[in-house]
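Structure data follow from coords.csv (CSV, N, CA and C atoms):
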chain,number,residue,atom,x,y,z
A,110,PRO,N,79.6,183.1,218.4
A,110,PRO,CA,80.4,183.2,219.6
A,110,PRO,C,81.8,183.5,219.4
A,111,ASN,N,82.4,184.3,220.2
A,111,ASN,CA,83.8,184.7,220.1
A,111,ASN,C,84.5,184.6,221.5
A,112,PRO,N,85.3,183.7,221.9
A,112,PRO,CA,86.0,182.8,221.0
A,112,PRO,C,85.0,181.6,220.6
A,113,ALA,N,85.3,181.1,219.4
A,113,ALA,CA,84.5,180.0,218.8
A,113,ALA,C,85.1,178.7,219.1
A,114,THR,N,84.3,177.7,219.2
A,114,THR,CA,84.9,176.3,219.3
A,114,THR,C,84.4,175.5,218.2
A,115,GLU,N,83.1,175.5,217.8
A,115,GLU,CA,82.6,174.7,216.8
A,115,GLU,C,82.2,175.4,215.5
A,116,PHE,N,81.8,176.7,215.7
A,116,PHE,CA,81.3,177.4,214.5
A,116,PHE,C,81.3,178.9,214.8
A,117,ILE,N,81.2,179.7,213.7
A,117,ILE,CA,80.9,181.1,213.8
A,117,ILE,C,79.7,181.3,212.9
A,118,SER,N,79.0,182.4,213.1
A,118,SER,CA,77.9,182.7,212.3
A,118,SER,C,77.7,184.2,212.1
A,119,PHE,N,77.1,184.6,211.0
A,119,PHE,CA,76.8,186.0,210.7
A,119,PHE,C,75.5,186.0,209.9
A,120,TYR,N,74.9,187.2,209.9
A,120,TYR,CA,73.6,187.5,209.2
A,120,TYR,C,73.7,188.8,208.5
A,121,LEU,N,73.3,188.9,207.3
A,121,LEU,CA,73.3,190.2,206.6
A,121,LEU,C,71.8,190.5,206.2
A,122,ASP,N,71.4,191.7,206.6
A,122,ASP,CA,70.1,192.1,206.2
A,122,ASP,C,70.2,192.7,204.8
A,123,GLN,N,69.0,193.1,204.2
A,123,GLN,CA,69.0,193.6,202.8
A,123,GLN,C,69.9,194.8,202.7
A,124,HIS,N,69.9,195.7,203.6
A,124,HIS,CA,70.7,196.9,203.5
A,124,HIS,C,72.2,196.5,203.5
A,125,SER,N,72.7,195.6,204.3
A,125,SER,CA,74.1,195.2,204.3
A,125,SER,C,74.5,194.5,203.1
A,126,SER,N,73.6,193.7,202.5
A,126,SER,CA,73.9,192.9,201.4
A,126,SER,C,74.1,193.7,200.1
A,127,GLN,N,73.6,195.0,200.1
A,127,GLN,CA,73.9,195.9,199.0
A,127,GLN,C,75.3,196.3,199.0
A,128,LYS,N,76.0,196.3,200.2
A,128,LYS,CA,77.4,196.7,200.3
A,128,LYS,C,78.4,195.5,200.2
A,129,VAL,N,77.9,194.3,200.4
A,129,VAL,CA,78.8,193.1,200.5
A,129,VAL,C,78.2,192.0,199.7
A,130,ASN,N,79.0,191.2,199.0
A,130,ASN,CA,78.5,190.1,198.2
A,130,ASN,C,79.4,188.8,198.3
A,131,GLN,N,80.4,188.9,199.1
A,131,GLN,CA,81.3,187.7,199.3
A,131,GLN,C,82.0,187.8,200.7
A,132,TYR,N,82.5,186.7,201.1
A,132,TYR,CA,83.3,186.6,202.3
A,132,TYR,C,84.4,185.7,202.2
A,133,CYS,N,85.5,185.8,202.9
A,133,CYS,CA,86.6,184.9,203.0
A,133,CYS,C,87.2,184.9,204.4
A,134,ILE,N,87.9,183.9,204.8
A,134,ILE,CA,88.5,183.8,206.1
A,134,ILE,C,90.0,183.6,205.9
A,135,ARG,N,90.8,184.4,206.7
A,135,ARG,CA,92.2,184.3,206.6
A,135,ARG,C,92.8,184.1,208.1
A,136,ASP,N,94.0,183.5,208.1
A,136,ASP,CA,94.6,183.4,209.4
A,136,ASP,C,95.5,184.6,209.7
A,137,MET,N,96.2,184.5,210.8
A,137,MET,CA,97.0,185.7,211.2
A,137,MET,C,98.1,186.1,210.2
A,138,SER,N,98.6,185.1,209.5
A,138,SER,CA,99.6,185.4,208.5
A,138,SER,C,99.1,185.9,207.2
A,139,GLY,N,97.7,185.9,207.1
A,139,GLY,CA,97.1,186.4,205.8
A,139,GLY,C,96.8,185.3,204.9
A,140,GLN,N,97.1,184.0,205.2
A,140,GLN,CA,96.8,182.9,204.3
A,140,GLN,C,95.3,182.7,204.3
A,141,LEU,N,94.8,182.4,203.1
A,141,LEU,CA,93.4,182.2,202.8
A,141,LEU,C,93.1,180.8,203.4
A,142,ILE,N,92.1,180.7,204.3
A,142,ILE,CA,91.7,179.5,204.9
A,142,ILE,C,90.4,179.0,204.2
A,143,LYS,N,89.5,179.9,204.0
A,143,LYS,CA,88.3,179.6,203.3
A,143,LYS,C,88.1,180.6,202.2
A,144,GLY,N,88.0,180.2,201.0
A,144,GLY,CA,88.0,181.1,199.8
A,144,GLY,C,86.7,181.9,199.8
A,145,MET,N,86.7,182.8,198.9
A,145,MET,CA,85.6,183.7,198.7
A,145,MET,C,84.3,183.0,198.4
A,146,ARG,N,83.3,183.3,199.1
A,146,ARG,CA,82.0,182.6,198.9
A,146,ARG,C,81.0,183.7,198.6
A,147,PRO,N,80.1,183.5,197.7
A,147,PRO,CA,79.0,184.4,197.5
A,147,PRO,C,78.0,184.4,198.7
A,148,ILE,N,77.5,185.6,199.0
A,148,ILE,CA,76.5,185.6,200.1
A,148,ILE,C,75.3,186.5,199.6
A,149,THR,N,74.2,186.2,200.2
A,149,THR,CA,72.9,186.9,199.9
A,149,THR,C,72.3,187.4,201.2
A,150,SER,N,71.3,188.2,201.1
A,150,SER,CA,70.7,188.7,202.4
A,150,SER,C,69.7,187.8,203.0
A,151,ASP,N,69.4,188.1,204.2
A,151,ASP,CA,68.4,187.4,205.0
A,151,ASP,C,68.6,185.9,205.2
A,152,ILE,N,69.9,185.5,205.3
A,152,ILE,CA,70.3,184.1,205.6
A,152,ILE,C,71.3,184.2,206.7
A,153,ASN,N,71.1,183.3,207.7
A,153,ASN,CA,72.0,183.2,208.8
A,153,ASN,C,73.1,182.2,208.3
A,154,TYR,N,74.3,182.7,208.1
A,154,TYR,CA,75.4,181.8,207.7
A,154,TYR,C,76.1,181.2,208.9
A,155,VAL,N,76.4,179.9,208.8
A,155,VAL,CA,77.1,179.2,209.9
A,155,VAL,C,78.3,178.6,209.3
A,156,ILE,N,79.5,178.9,209.8
A,156,ILE,CA,80.7,178.3,209.3
A,156,ILE,C,81.3,177.4,210.4
A,157,HIS,N,81.4,176.2,210.1
A,157,HIS,CA,82.0,175.2,211.0
A,157,HIS,C,83.5,175.4,211.1
A,158,THR,N,84.0,175.4,212.4
A,158,THR,CA,85.4,175.7,212.6
A,158,THR,C,86.2,174.6,213.3
A,159,LEU,N,85.6,173.4,213.4
A,159,LEU,CA,86.2,172.3,214.0
A,159,LEU,C,87.5,171.9,213.4
A,160,ASP,N,87.6,172.1,212.0
A,160,ASP,CA,88.9,171.7,211.3
A,160,ASP,C,89.9,172.8,211.4
A,161,PHE,N,89.6,174.0,211.9
A,161,PHE,CA,90.6,175.1,212.0
A,161,PHE,C,91.4,174.9,213.3
A,162,PRO,N,92.7,175.0,213.2
A,162,PRO,CA,93.5,175.0,214.4
A,162,PRO,C,93.1,176.2,215.3
A,163,SER,N,93.4,176.0,216.6
A,163,SER,CA,93.1,177.2,217.5
A,163,SER,C,94.0,178.3,217.1
A,164,GLY,N,93.4,179.5,217.2
A,164,GLY,CA,94.2,180.7,216.9
A,164,GLY,C,93.3,181.9,216.5
A,165,ILE,N,93.9,182.9,216.0
A,165,ILE,CA,93.2,184.2,215.6
A,165,ILE,C,93.0,184.1,214.1
A,166,TYR,N,91.8,184.5,213.7
A,166,TYR,CA,91.4,184.5,212.3
A,166,TYR,C,90.7,185.8,212.0
A,167,PHE,N,90.5,186.1,210.7
A,167,PHE,CA,89.8,187.3,210.3
A,167,PHE,C,88.8,186.8,209.2
A,168,ILE,N,87.6,187.3,209.3
A,168,ILE,CA,86.6,187.1,208.3
A,168,ILE,C,86.5,188.5,207.6
A,169,GLN,N,86.6,188.5,206.3
A,169,GLN,CA,86.6,189.7,205.5
A,169,GLN,C,85.4,189.6,204.6
A,170,PHE,N,84.7,190.8,204.6
A,170,PHE,CA,83.5,190.9,203.8
A,170,PHE,C,83.9,191.8,202.6
A,171,LEU,N,83.5,191.3,201.4
A,171,LEU,CA,84.0,192.0,200.2
A,171,LEU,C,82.8,192.4,199.3
A,172,LYS,N,83.0,193.3,198.4
A,172,LYS,CA,82.1,193.7,197.3
A,172,LYS,C,82.9,193.6,196.1
A,173,GLU,N,82.6,192.7,195.2
A,173,GLU,CA,83.3,192.5,193.9
A,173,GLU,C,84.8,192.5,194.1
A,174,GLY,N,85.2,191.7,195.1
A,174,GLY,CA,86.7,191.4,195.3
A,174,GLY,C,87.4,192.5,196.1
A,175,LYS,N,86.8,193.6,196.5
A,175,LYS,CA,87.4,194.6,197.3
A,175,LYS,C,86.9,194.5,198.8
A,176,ILE,N,87.9,194.5,199.7
A,176,ILE,CA,87.5,194.3,201.1
A,176,ILE,C,86.7,195.6,201.6
A,177,ILE,N,85.6,195.3,202.2
A,177,ILE,CA,84.7,196.3,202.7
A,177,ILE,C,84.8,196.4,204.3
A,178,GLN,N,84.9,195.2,204.9
A,178,GLN,CA,85.0,195.1,206.3
A,178,GLN,C,85.8,193.9,206.8
A,179,THR,N,86.5,194.0,207.9
A,179,THR,CA,87.2,192.8,208.4
A,179,THR,C,86.9,192.7,209.9
A,180,GLN,N,86.6,191.5,210.3
A,180,GLN,CA,86.3,191.2,211.7
A,180,GLN,C,87.2,190.1,212.2
A,181,LYS,N,87.8,190.3,213.4
A,181,LYS,CA,88.6,189.3,214.0
A,181,LYS,C,87.8,188.3,214.9
A,182,PHE,N,88.2,187.0,214.8
A,182,PHE,CA,87.6,186.1,215.7
A,182,PHE,C,88.6,185.1,216.2
A,183,ILE,N,88.4,184.5,217.3
A,183,ILE,CA,89.3,183.5,217.9
A,183,ILE,C,88.7,182.1,217.9
A,184,ILE,N,89.5,181.1,217.6
A,184,ILE,CA,89.1,179.7,217.7
A,184,ILE,C,89.9,179.1,218.8
A,185,SER,N,89.1,178.5,219.8
A,185,SER,CA,89.7,177.9,220.9
A,185,SER,C,89.1,176.5,221.1
A,186,HIS,N,89.9,175.5,220.9
A,186,HIS,CA,89.4,174.1,221.0
A,186,HIS,C,89.8,173.5,222.3
Once you've parsed the file, please lay out its structure as structure tokens.
Amino acid sequence: PNPATEFISFYLDQHSSQKVNQYCIRDMSGQLIKGMRPITSDINYVIHTLDFPSGIYFIQFLKEGKIIQTQKFIISH
């Protein structure tokens, strides 16, 4: 959901997982909120956001430390 209140989620199929193997979350200032985590295909990832202050965030998908894609999301409590 966007804006999120309790969680965000994403899913990578096998094709996408060949391009991406990590994710991280950053706030508007670029500060790392949630460090790089390894990801695999065919799993629905749920990230709980109750501890995040309301605001705009970015989830970045990486391959071997290089940013492949960035998506913006909003947290509204």
Contacts of Asn130 (chain A) at 7 Å (only N, CA and C atoms; same-chain gap of 2+ positions) as a ChimeraX atom specification: /A:125-128,132,146-149,170-173
For the residues selected in the previous step, produce a file with N, CA and C atoms as a short mmCIF file (atom, residue, chain, number, x, y, z; two decimals), in the frame of the given file.
data_model
loop_
_atom_site.label_atom_id
_atom_site.label_comp_id
_atom_site.auth_asym_id
_atom_site.auth_seq_id
_atom_site.Cartn_x
_atom_site.Cartn_y
_atom_site.Cartn_z
N SER A 125 72.70 195.60 204.30
CA SER A 125 74.10 195.20 204.30
C SER A 125 74.50 194.50 203.10
N SER A 126 73.60 193.70 202.50
CA SER A 126 73.90 192.90 201.40
C SER A 126 74.10 193.70 200.10
N GLN A 127 73.60 195.00 200.10
CA GLN A 127 73.90 195.90 199.00
C GLN A 127 75.30 196.30 199.00
N LYS A 128 76.00 196.30 200.20
CA LYS A 128 77.40 196.70 200.30
C LYS A 128 78.40 195.50 200.20
N TYR A 132 82.50 186.70 201.10
CA TYR A 132 83.30 186.60 202.30
C TYR A 132 84.40 185.70 202.20
N ARG A 146 83.30 183.30 199.10
CA ARG A 146 82.00 182.60 198.90
C ARG A 146 81.00 183.70 198.60
N PRO A 147 80.10 183.50 197.70
CA PRO A 147 79.00 184.40 197.50
C PRO A 147 78.00 184.40 198.70
N ILE A 148 77.50 185.60 199.00
CA ILE A 148 76.50 185.60 200.10
C ILE A 148 75.30 186.50 199.60
N THR A 149 74.20 186.20 200.20
CA THR A 149 72.90 186.90 199.90
C THR A 149 72.30 187.40 201.20
N PHE A 170 84.70 190.80 204.60
CA PHE A 170 83.50 190.90 203.80
C PHE A 170 83.90 191.80 202.60
N LEU A 171 83.50 191.30 201.40
CA LEU A 171 84.00 192.00 200.20
C LEU A 171 82.80 192.40 199.30
N LYS A 172 83.00 193.30 198.40
CA LYS A 172 82.10 193.70 197.30
C LYS A 172 82.90 193.60 196.10
N GLU A 173 82.60 192.70 195.20
CA GLU A 173 83.30 192.50 193.90
C GLU A 173 84.80 192.50 194.10
#
Shell around Ile183 (chain A) at 12 Å using only C-alpha atoms, local window under 4 positions removed, as an MDAnalysis selection string: chainID A and resid 110:117 134:137 158 161:168
Computed interatomic separation between CA of Asp160 (chain A) and CA of Ile176 (chain A) (Å):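 If I compute the distance from CA of Asp160 (chain A) to CA of Ile176 (chain A), I get 24.8 Å.
Here atom N of Asp122 (chain A) stands at a distance of 27.5 Å from atom C of Ser185 (chain A).
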One-decimal distance in Å that lies between atom C of His157 (chain A) and atom C of Gln123 (chain A):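 Computed distance, atom C of Gln123 (chain A) to atom C of His157 (chain A), equals 25.1 Å.
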